[in-house]
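Student: You'll find model-v2.txt just under this line, and it carries compact mmCIF, C-alpha atoms.
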# COMPACT_ATOMS: atom_id res chain seq x y z
CA GLU A 40 0.00 0.00 0.00
CA THR A 41 1.49 3.33 -1.09
CA GLY A 42 1.38 6.15 1.43
CA VAL A 43 0.72 9.82 0.79
CA THR A 44 3.26 11.36 -1.53
CA GLN A 45 3.92 15.01 -2.28
CA SER A 46 5.91 16.82 -4.94
CA PRO A 47 8.14 18.64 -5.19
CA THR A 48 10.10 18.17 -1.97
CA HIS A 49 11.50 21.68 -2.00
CA LEU A 50 10.66 24.78 -3.96
CA ILE A 51 12.08 28.29 -4.10
CA LYS A 52 9.99 31.10 -5.55
CA THR A 53 10.10 34.88 -5.53
CA ARG A 54 7.43 37.21 -4.21
CA GLY A 55 4.53 37.67 -6.60
CA GLN A 56 5.00 34.35 -8.39
CA GLN A 57 2.53 31.49 -8.46
CA VAL A 58 3.14 27.93 -7.28
CA THR A 59 1.43 24.55 -7.62
CA LEU A 60 2.00 21.76 -5.13
CA ARG A 61 0.85 18.20 -5.71
CA CYS A 62 -0.36 15.38 -3.52
CA SER A 63 -1.19 11.75 -4.21
CA SER A 64 -3.51 10.33 -1.62
CA GLN A 65 -3.18 6.92 -0.06
CA SER A 66 -4.88 4.11 -1.96
CA GLY A 67 -8.62 3.97 -1.16
CA HIS A 68 -8.76 7.47 0.35
CA ASN A 69 -11.22 9.99 -1.09
CA THR A 70 -10.56 12.97 1.18
CA VAL A 71 -7.54 15.25 1.02
CA SER A 72 -6.73 18.06 3.44
CA TRP A 73 -4.01 20.66 3.07
CA TYR A 74 -2.18 22.31 5.97
CA GLN A 75 0.45 25.04 6.21
CA GLN A 76 3.13 24.63 8.85
CA ALA A 77 5.34 27.66 9.48
CA LEU A 78 8.71 27.04 11.09
CA GLY A 79 8.35 26.21 14.77
CA GLN A 80 4.56 26.17 14.66
CA GLY A 81 1.81 23.60 14.37
CA PRO A 82 0.04 22.93 11.07
CA GLN A 83 -2.84 25.23 10.13
CA PHE A 84 -5.78 23.94 8.11
CA ILE A 85 -6.08 25.46 4.64
CA PHE A 86 -8.92 23.45 3.06
CA GLN A 87 -10.25 19.99 2.47
CA TYR A 88 -11.50 18.23 -0.66
CA TYR A 89 -13.95 15.36 -0.62
CA ARG A 90 -14.86 13.63 -3.88
CA GLU A 91 -13.55 16.55 -5.95
CA GLU A 92 -15.48 19.24 -4.04
CA GLU A 93 -14.09 21.74 -1.53
CA ASN A 94 -15.49 20.68 1.81
CA GLY A 95 -14.28 23.16 4.40
CA ARG A 96 -11.81 26.01 4.41
CA GLY A 97 -9.63 27.58 7.06
CA ASN A 98 -8.71 31.23 7.47
CA PHE A 99 -6.71 31.59 4.26
CA PRO A 100 -7.25 34.17 1.48
CA PRO A 101 -8.70 33.25 -1.94
CA ARG A 102 -5.25 33.27 -3.52
CA PHE A 103 -4.94 29.81 -1.94
CA SER A 104 -6.95 27.48 -4.14
CA GLY A 105 -7.08 23.79 -4.86
CA LEU A 106 -8.31 20.96 -6.98
CA GLN A 107 -9.04 17.31 -6.48
CA PHE A 108 -8.98 14.95 -9.43
CA PRO A 109 -11.09 11.81 -10.14
CA ASN A 110 -8.24 9.64 -8.82
CA TYR A 111 -8.42 11.72 -5.59
CA SER A 112 -4.99 13.26 -6.04
CA SER A 113 -4.93 16.97 -5.32
CA GLU A 114 -3.21 20.25 -6.10
CA LEU A 115 -2.70 23.32 -3.98
CA ASN A 116 -2.21 26.56 -5.90
CA VAL A 117 -0.98 29.77 -4.37
CA ASN A 118 -1.03 32.99 -6.39
CA ALA A 119 0.79 36.27 -5.73
CA LEU A 120 3.23 34.67 -3.31
CA GLU A 121 4.16 36.62 -0.19
CA LEU A 122 7.19 36.19 2.06
CA ASP A 123 4.93 34.84 4.82
CA ASP A 124 3.88 31.97 2.55
CA SER A 125 7.26 30.36 3.25
CA ALA A 126 6.36 27.17 5.10
CA LEU A 127 6.04 23.40 4.97
CA TYR A 128 2.86 22.46 3.11
CA LEU A 129 1.38 19.19 4.27
CA CYS A 130 -1.18 17.06 2.55
CA ALA A 131 -3.21 14.49 4.48
CA SER A 132 -5.57 11.89 3.11
CA SER A 133 -8.31 9.93 4.79
CA SER A 134 -11.23 7.72 3.86
CA GLY A 135 -14.91 8.09 4.57
CA ASP A 136 -16.99 11.17 5.00
CA PHE A 137 -17.67 13.30 8.06
CA SER A 138 -16.74 10.66 10.57
CA TYR A 139 -13.40 10.26 12.14
CA ASN A 140 -10.87 8.44 10.10
CA GLU A 141 -7.18 8.80 10.64
CA GLN A 142 -5.53 11.40 8.48
CA PHE A 143 -2.30 10.12 6.96
CA PHE A 144 0.16 12.89 6.30
CA GLY A 145 2.68 13.13 3.50
CA PRO A 146 6.25 14.35 4.05
CA GLY A 147 5.37 17.86 2.90
CA THR A 148 6.69 20.37 0.40
CA ARG A 149 8.97 23.04 1.79
CA LEU A 150 8.29 26.35 0.03
CA THR A 151 10.68 29.26 0.35
CA VAL A 152 9.57 32.65 -0.94
CA LEU A 153 12.36 35.19 -1.50
CA GLN B 176 -5.19 33.97 22.12
CA LYS B 177 -4.76 30.73 20.20
CA GLU B 178 -7.46 28.08 20.45
CA VAL B 179 -4.90 25.43 21.42
CA GLU B 180 -1.84 26.26 23.53
CA GLN B 181 1.20 24.04 23.89
CA ASP B 182 4.55 24.71 25.54
CA PRO B 183 7.14 24.76 22.73
CA GLY B 184 9.96 23.37 24.86
CA PRO B 185 12.50 22.09 24.13
CA LEU B 186 12.08 19.45 26.80
CA SER B 187 15.23 17.48 27.51
CA VAL B 188 15.07 14.26 29.56
CA PRO B 189 17.38 11.31 30.21
CA GLU B 190 16.63 7.93 28.67
CA GLY B 191 14.13 5.97 30.75
CA ALA B 192 12.39 9.04 32.18
CA ILE B 193 8.63 9.56 32.22
CA VAL B 194 7.67 12.42 29.94
CA SER B 195 4.58 14.57 30.37
CA LEU B 196 3.36 16.70 27.46
CA ASN B 197 0.37 19.00 27.82
CA CYS B 198 -2.06 21.17 25.88
CA THR B 199 -4.80 23.51 26.94
CA TYR B 200 -7.66 24.64 24.76
CA SER B 201 -10.31 27.32 24.93
CA ASN B 202 -13.16 25.99 22.77
CA SER B 203 -15.42 23.55 24.59
CA ALA B 204 -16.84 22.42 21.22
CA PHE B 205 -13.77 20.26 20.61
CA GLN B 206 -14.73 16.62 21.02
CA TYR B 207 -11.91 14.56 19.55
CA PHE B 208 -8.33 14.81 20.74
CA MET B 209 -5.19 13.50 19.12
CA TRP B 210 -1.47 13.41 19.62
CA TYR B 211 0.86 13.38 16.64
CA ARG B 212 4.61 12.81 16.52
CA GLN B 213 6.65 14.64 13.92
CA TYR B 214 10.24 13.78 13.18
CA SER B 215 12.44 16.33 11.47
CA ARG B 216 11.59 16.71 7.77
CA LYS B 217 8.66 14.29 8.05
CA GLY B 218 4.90 14.62 8.16
CA PRO B 219 3.04 14.13 11.46
CA GLU B 220 2.05 10.58 12.40
CA LEU B 221 -0.85 9.77 14.68
CA LEU B 222 0.10 8.36 18.08
CA MET B 223 -3.09 8.50 20.11
CA TYR B 224 -6.72 9.38 19.56
CA THR B 225 -9.30 9.89 22.30
CA TYR B 226 -12.87 11.04 22.44
CA SER B 227 -14.07 11.05 26.01
CA SER B 228 -12.56 12.35 29.21
CA GLY B 229 -10.31 9.90 30.99
CA ASN B 230 -7.23 7.88 30.14
CA LYS B 231 -6.30 5.78 27.14
CA GLU B 232 -3.22 3.61 27.12
CA ASP B 233 -1.24 2.17 24.21
CA GLY B 234 2.06 0.56 25.06
CA ARG B 235 4.36 3.18 26.58
CA PHE B 236 1.94 5.99 25.74
CA THR B 237 -1.00 7.22 27.82
CA ALA B 238 -3.33 9.99 26.66
CA GLN B 239 -5.41 11.83 29.22
CA VAL B 240 -8.32 14.19 28.56
CA ASP B 241 -9.97 16.47 31.11
CA LYS B 242 -12.79 18.25 29.31
CA SER B 243 -13.90 20.12 32.42
CA SER B 244 -10.48 21.79 32.64
CA LYS B 245 -9.94 21.88 28.85
CA TYR B 246 -6.63 20.13 29.34
CA ILE B 247 -5.07 17.14 27.61
CA SER B 248 -1.85 15.28 28.33
CA LEU B 249 0.38 12.65 26.78
CA PHE B 250 2.61 10.57 29.02
CA ILE B 251 5.53 8.58 27.67
CA ARG B 252 6.97 5.90 29.94
CA ASP B 253 10.51 4.55 29.67
CA SER B 254 11.41 7.21 27.13
CA GLN B 255 13.89 6.26 24.41
CA PRO B 256 16.23 8.36 22.24
CA SER B 257 14.01 7.36 19.30
CA ASP B 258 11.18 9.29 20.99
CA SER B 259 13.08 12.52 20.25
CA ALA B 260 10.71 14.47 18.02
CA THR B 261 8.16 17.25 18.06
CA TYR B 262 4.84 16.27 19.63
CA LEU B 263 1.73 17.99 18.38
CA CYS B 264 -1.63 17.93 20.05
CA ALA B 265 -4.61 18.30 17.75
CA MET B 266 -8.35 18.43 18.19
CA ARG B 267 -11.47 18.66 16.11
CA TYR B 268 -15.17 19.37 16.37
CA GLY B 269 -17.75 16.64 15.98
CA ALA B 270 -18.11 16.66 12.22
CA GLY B 271 -15.56 16.77 9.47
CA ASN B 272 -11.87 16.17 9.65
CA MET B 273 -10.49 19.69 10.12
CA LEU B 274 -7.81 19.51 12.77
CA THR B 275 -6.73 22.38 15.00
CA PHE B 276 -3.16 21.87 16.16
CA GLY B 277 -1.12 23.18 19.04
CA GLY B 278 2.26 24.67 18.28
CA GLY B 279 4.15 21.49 19.18
CA THR B 280 6.61 20.57 21.93
CA ARG B 281 10.10 19.53 20.95
CA LEU B 282 11.30 16.57 23.02
CA MET B 283 14.90 15.41 23.30
CA VAL B 284 15.67 12.12 25.05
CA LYS B 285 19.36 11.81 25.84
CA PRO B 286 21.06 8.37 26.06
Taking this structure as input, can you express it in the form of structure tokens?

Tutor:
Amino acid sequence: ETGVTQSPTHLIKTRGQQVTLRCSSQSGHNTVSWYQQALGQGPQFIFQYYREEENGRGNFPPRFSGLQFPNYSSELNVNALELDDSALYLCASSSGDFSYNEQFFGPGTRLTVL
Amino acid sequence: QKEVEQDPGPLSVPEGAIVSLNCTYSNSAFQYFMWYRQYSRKGPELLMYTYSSGNKEDGRFTAQVDKSSKYISLFIRDSQPSDSATYLCAMRYGAGNMLTFGGGTRLMVKP
């Protein structure tokens, strides 16, 4: 069974650019959540996708957007990058809907904005 | 004030010690409580999950929830150097899977 994978591992961008991060969910999982983890802090919820629909959003501006594909993989897009967007971006997948199922986290993508 | 508060540490203990990690929270709507372990350059992995007040034990780990005090704890017995990591508490409301995390406590277990 393949776990959650994310690409790329590291990314360096400059302020104002756009970035796309990718996540492949664990086999059999239909829900993907994205979190931002700034250095020395806990992860913060960005949004969640369930069966290709956004299903909950945290306190992040609209320039953070996402997609989920029919195979349940997902993308996180960030437009007009700001210095404060530098963080580890974590993807987590889970199965089922609206009941607790363990979220399996990927290793993350470390984004640096210069 | 953050919804979930956690002492950032670092907490340094000798091998074999009992470790106590704690979180406080302000929102009484939280119903599910979790502890995650995060090694450097890795994603968090779930250690313990509890729903009700009381204790839950799994091997060397014990999770404790006191909803009346809005306080949760993780105890690690016979700590090992391999336990050195950042420990994150997390909690969620009744529905959906959105997790609210504490800031994490960095633990170092010295041989």

Student: Using all atoms listed in the file, which residue out of A:Tyr74, A:Gln107, A:Asp123, A:Pro47 lies closest to chain B?

Tutor: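 So, comparing all the options, the nearest one is A:Tyr74.
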
Student: Residues of chain A within 6 Å of chain B, counting all atoms listed in the file - could you list those as a VMD selection string?

Tutor: chain A and resid 80 to 81 137 144 to 146

Student: Which residue, B:Thr225, B:Glu232, B:Met283, B:Cys198, has the smallest gap to B:Tyr246 when you use only C-alpha atoms?

Tutor: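 So, comparing all the options, the nearest one is B:Cys198.
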
Student: Could you list, as a list in words, every residue within 7 Å of stretch 249-252 of chain B, counting all atoms listed in the file and ignoring same-chain residues fewer than 6 positions away?

Tutor: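 Non-adjacent residues within range: Ala192, Ile193, Val194, Ser195, Leu196, Asn197, Arg235, Phe236, Thr237, Ala238 and Gln239 of chain B.
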
Student: Select, from B:Val188, B:Ser243, B:Val284, B:Met266, the residue with the minimum atom-to-atom distance to B:Tyr211, counting all atoms listed in the file.

Tutor: B:Met266

Student: So the first atom is atom CA of A:Asn69 and the second is atom CA of A:Gly105; what is the distance between them in Å, to one decimal place?

Tutor: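 Interatomic distance, atom CA of A:Asn69 to atom CA of A:Gly105: 14.9 Å.
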
Student: Using all atoms listed in the file, which residue out of A:Leu50, A:Val43, A:Leu115, A:Val152 lies closest to A:Gly67?

Tutor: A:Val43

Student: Pick the closest to B:Ser257 from B:Leu282, B:Trp210, B:Phe205, B:Tyr200: which is it, counting all atoms listed in the file?

Tutor: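 Closest to B:Ser257 of all the choices is B:Leu282.
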
Student: Can you work out which one of A:Tyr89, A:Phe84, A:Phe99, A:Trp73 has the shortest atom-to-atom distance to A:Glu114, counting all atoms listed in the file?

Tutor: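 Between A:Tyr89, A:Phe84, A:Phe99, A:Trp73, the residue approaching A:Glu114 most closely is A:Trp73.
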
Student: Leaving out A:Phe86 and any residue of its chain fewer than 3 positions from it, which residues lie within 6 Å of it when counting only C-alpha atoms, given as a short mmCIF file (atom, residue, chain, number, x, y, z; two decimals) with C-alpha atoms, keeping the file's coordinate frame?

Tutor:
data_model
loop_
_atom_site.label_atom_id
_atom_site.label_comp_id
_atom_site.auth_asym_id
_atom_site.auth_seq_id
_atom_site.Cartn_x
_atom_site.Cartn_y
_atom_site.Cartn_z
CA SER A 72 -6.73 18.06 3.44
CA TRP A 73 -4.01 20.66 3.07
CA GLY A 95 -14.28 23.16 4.40
CA ARG A 96 -11.81 26.01 4.41
CA GLY A 97 -9.63 27.58 7.06
#

Student: Please, what distance in Å, to one decimal, runs between atom CA of B:Ser248 and atom CA of A:Gln76?

Tutor: 22.2 Å

Student: Rounded to one decimal, what separation in Å do you get between atom CA of A:Leu106 and atom CA of A:Leu122?

Tutor: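 Distance between the two atoms: 23.5 Å.
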
Student: Report as JSON, numbers by chain all protein, DNA and RNA residues lying within 12 Å of A:Arg102, evaluated on only C-alpha atoms, omitting residues in the same chain fewer than 4 positions from it.

Tutor: {"A": [55, 56, 57, 58, 59, 85, 98, 115, 116, 117, 118, 119, 120, 121, 124]}

Student: Atoms are missing here; could stretch 58-94 of chain A be completed with N, CA and C atoms and written as a short mmCIF file (atom, residue, chain, number, x, y, z; two decimals), in the frame of the given file?

Tutor:
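Saved file out.cif follows:
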data_model
loop_
_atom_site.label_atom_id
_atom_site.label_comp_id
_atom_site.auth_asym_id
_atom_site.auth_seq_id
_atom_site.Cartn_x
_atom_site.Cartn_y
_atom_site.Cartn_z
N VAL A 58 2.57 29.25 -7.49
CA VAL A 58 3.14 27.93 -7.28
C VAL A 58 2.03 26.89 -7.24
N THR A 59 2.35 25.68 -7.69
CA THR A 59 1.43 24.55 -7.62
C THR A 59 2.13 23.40 -6.91
N LEU A 60 1.49 22.90 -5.88
CA LEU A 60 2.00 21.76 -5.13
C LEU A 60 1.06 20.58 -5.36
N ARG A 61 1.65 19.38 -5.37
CA ARG A 61 0.85 18.20 -5.71
C ARG A 61 0.88 17.15 -4.61
N CYS A 62 -0.20 16.40 -4.55
CA CYS A 62 -0.36 15.38 -3.52
C CYS A 62 -1.07 14.17 -4.11
N SER A 63 -0.51 13.00 -3.86
CA SER A 63 -1.19 11.75 -4.21
C SER A 63 -1.66 11.09 -2.94
N SER A 64 -2.95 10.87 -2.85
CA SER A 64 -3.51 10.33 -1.62
C SER A 64 -3.22 8.83 -1.51
N GLN A 65 -3.37 8.34 -0.29
CA GLN A 65 -3.18 6.92 -0.06
C GLN A 65 -4.28 6.14 -0.77
N SER A 66 -3.93 4.95 -1.23
CA SER A 66 -4.88 4.11 -1.96
C SER A 66 -6.17 3.94 -1.15
N GLY A 67 -7.32 4.16 -1.82
CA GLY A 67 -8.62 3.97 -1.16
C GLY A 67 -9.14 5.19 -0.43
N HIS A 68 -8.34 6.25 -0.36
CA HIS A 68 -8.76 7.47 0.35
C HIS A 68 -9.39 8.46 -0.61
N ASN A 69 -10.53 9.05 -0.22
CA ASN A 69 -11.22 9.99 -1.09
C ASN A 69 -11.23 11.41 -0.56
N THR A 70 -10.57 11.64 0.56
CA THR A 70 -10.56 12.97 1.18
C THR A 70 -9.13 13.44 1.33
N VAL A 71 -8.88 14.67 0.90
CA VAL A 71 -7.54 15.25 1.02
C VAL A 71 -7.65 16.59 1.74
N SER A 72 -6.79 16.79 2.71
CA SER A 72 -6.73 18.06 3.44
C SER A 72 -5.34 18.65 3.26
N TRP A 73 -5.28 19.95 3.19
CA TRP A 73 -4.01 20.66 3.07
C TRP A 73 -3.79 21.52 4.32
N TYR A 74 -2.55 21.52 4.80
CA TYR A 74 -2.18 22.31 5.97
C TYR A 74 -0.90 23.09 5.65
N GLN A 75 -0.77 24.25 6.27
CA GLN A 75 0.45 25.04 6.21
C GLN A 75 1.12 25.00 7.57
N GLN A 76 2.40 24.66 7.59
CA GLN A 76 3.13 24.63 8.85
C GLN A 76 4.33 25.57 8.77
N ALA A 77 4.22 26.71 9.41
CA ALA A 77 5.34 27.66 9.48
C ALA A 77 6.38 27.11 10.43
N LEU A 78 7.60 27.55 10.28
CA LEU A 78 8.71 27.04 11.09
C LEU A 78 8.44 27.22 12.58
N GLY A 79 8.54 26.14 13.34
CA GLY A 79 8.35 26.21 14.77
C GLY A 79 6.91 26.29 15.23
N GLN A 80 5.98 26.10 14.31
CA GLN A 80 4.56 26.17 14.66
C GLN A 80 3.84 24.88 14.26
N GLY A 81 2.62 24.74 14.75
CA GLY A 81 1.81 23.60 14.37
C GLY A 81 1.15 23.84 13.02
N PRO A 82 0.72 22.77 12.36
CA PRO A 82 0.04 22.93 11.07
C PRO A 82 -1.26 23.71 11.21
N GLN A 83 -1.56 24.50 10.19
CA GLN A 83 -2.84 25.23 10.13
C GLN A 83 -3.63 24.75 8.92
N PHE A 84 -4.90 24.48 9.15
CA PHE A 84 -5.78 23.94 8.11
C PHE A 84 -6.03 24.99 7.04
N ILE A 85 -5.80 24.57 5.77
CA ILE A 85 -6.08 25.46 4.64
C ILE A 85 -7.46 25.13 4.06
N PHE A 86 -7.62 23.92 3.55
CA PHE A 86 -8.92 23.45 3.06
C PHE A 86 -8.90 21.95 2.89
N GLN A 87 -10.09 21.42 2.64
CA GLN A 87 -10.25 19.99 2.47
C GLN A 87 -11.07 19.72 1.22
N TYR A 88 -10.73 18.66 0.50
CA TYR A 88 -11.50 18.23 -0.66
C TYR A 88 -12.03 16.82 -0.42
N TYR A 89 -13.29 16.66 -0.74
CA TYR A 89 -13.95 15.36 -0.62
C TYR A 89 -14.65 15.08 -1.93
N ARG A 90 -14.27 14.02 -2.59
CA ARG A 90 -14.86 13.63 -3.88
C ARG A 90 -14.92 14.82 -4.84
N GLU A 91 -13.80 15.48 -4.98
CA GLU A 91 -13.55 16.55 -5.95
C GLU A 91 -14.21 17.89 -5.60
N GLU A 92 -14.85 17.99 -4.43
CA GLU A 92 -15.48 19.24 -4.04
C GLU A 92 -14.79 19.81 -2.80
N GLU A 93 -14.62 21.15 -2.74
CA GLU A 93 -14.09 21.74 -1.53
C GLU A 93 -15.11 21.56 -0.41
N ASN A 94 -14.63 21.10 0.72
CA ASN A 94 -15.49 20.68 1.81
C ASN A 94 -14.98 21.24 3.13
#
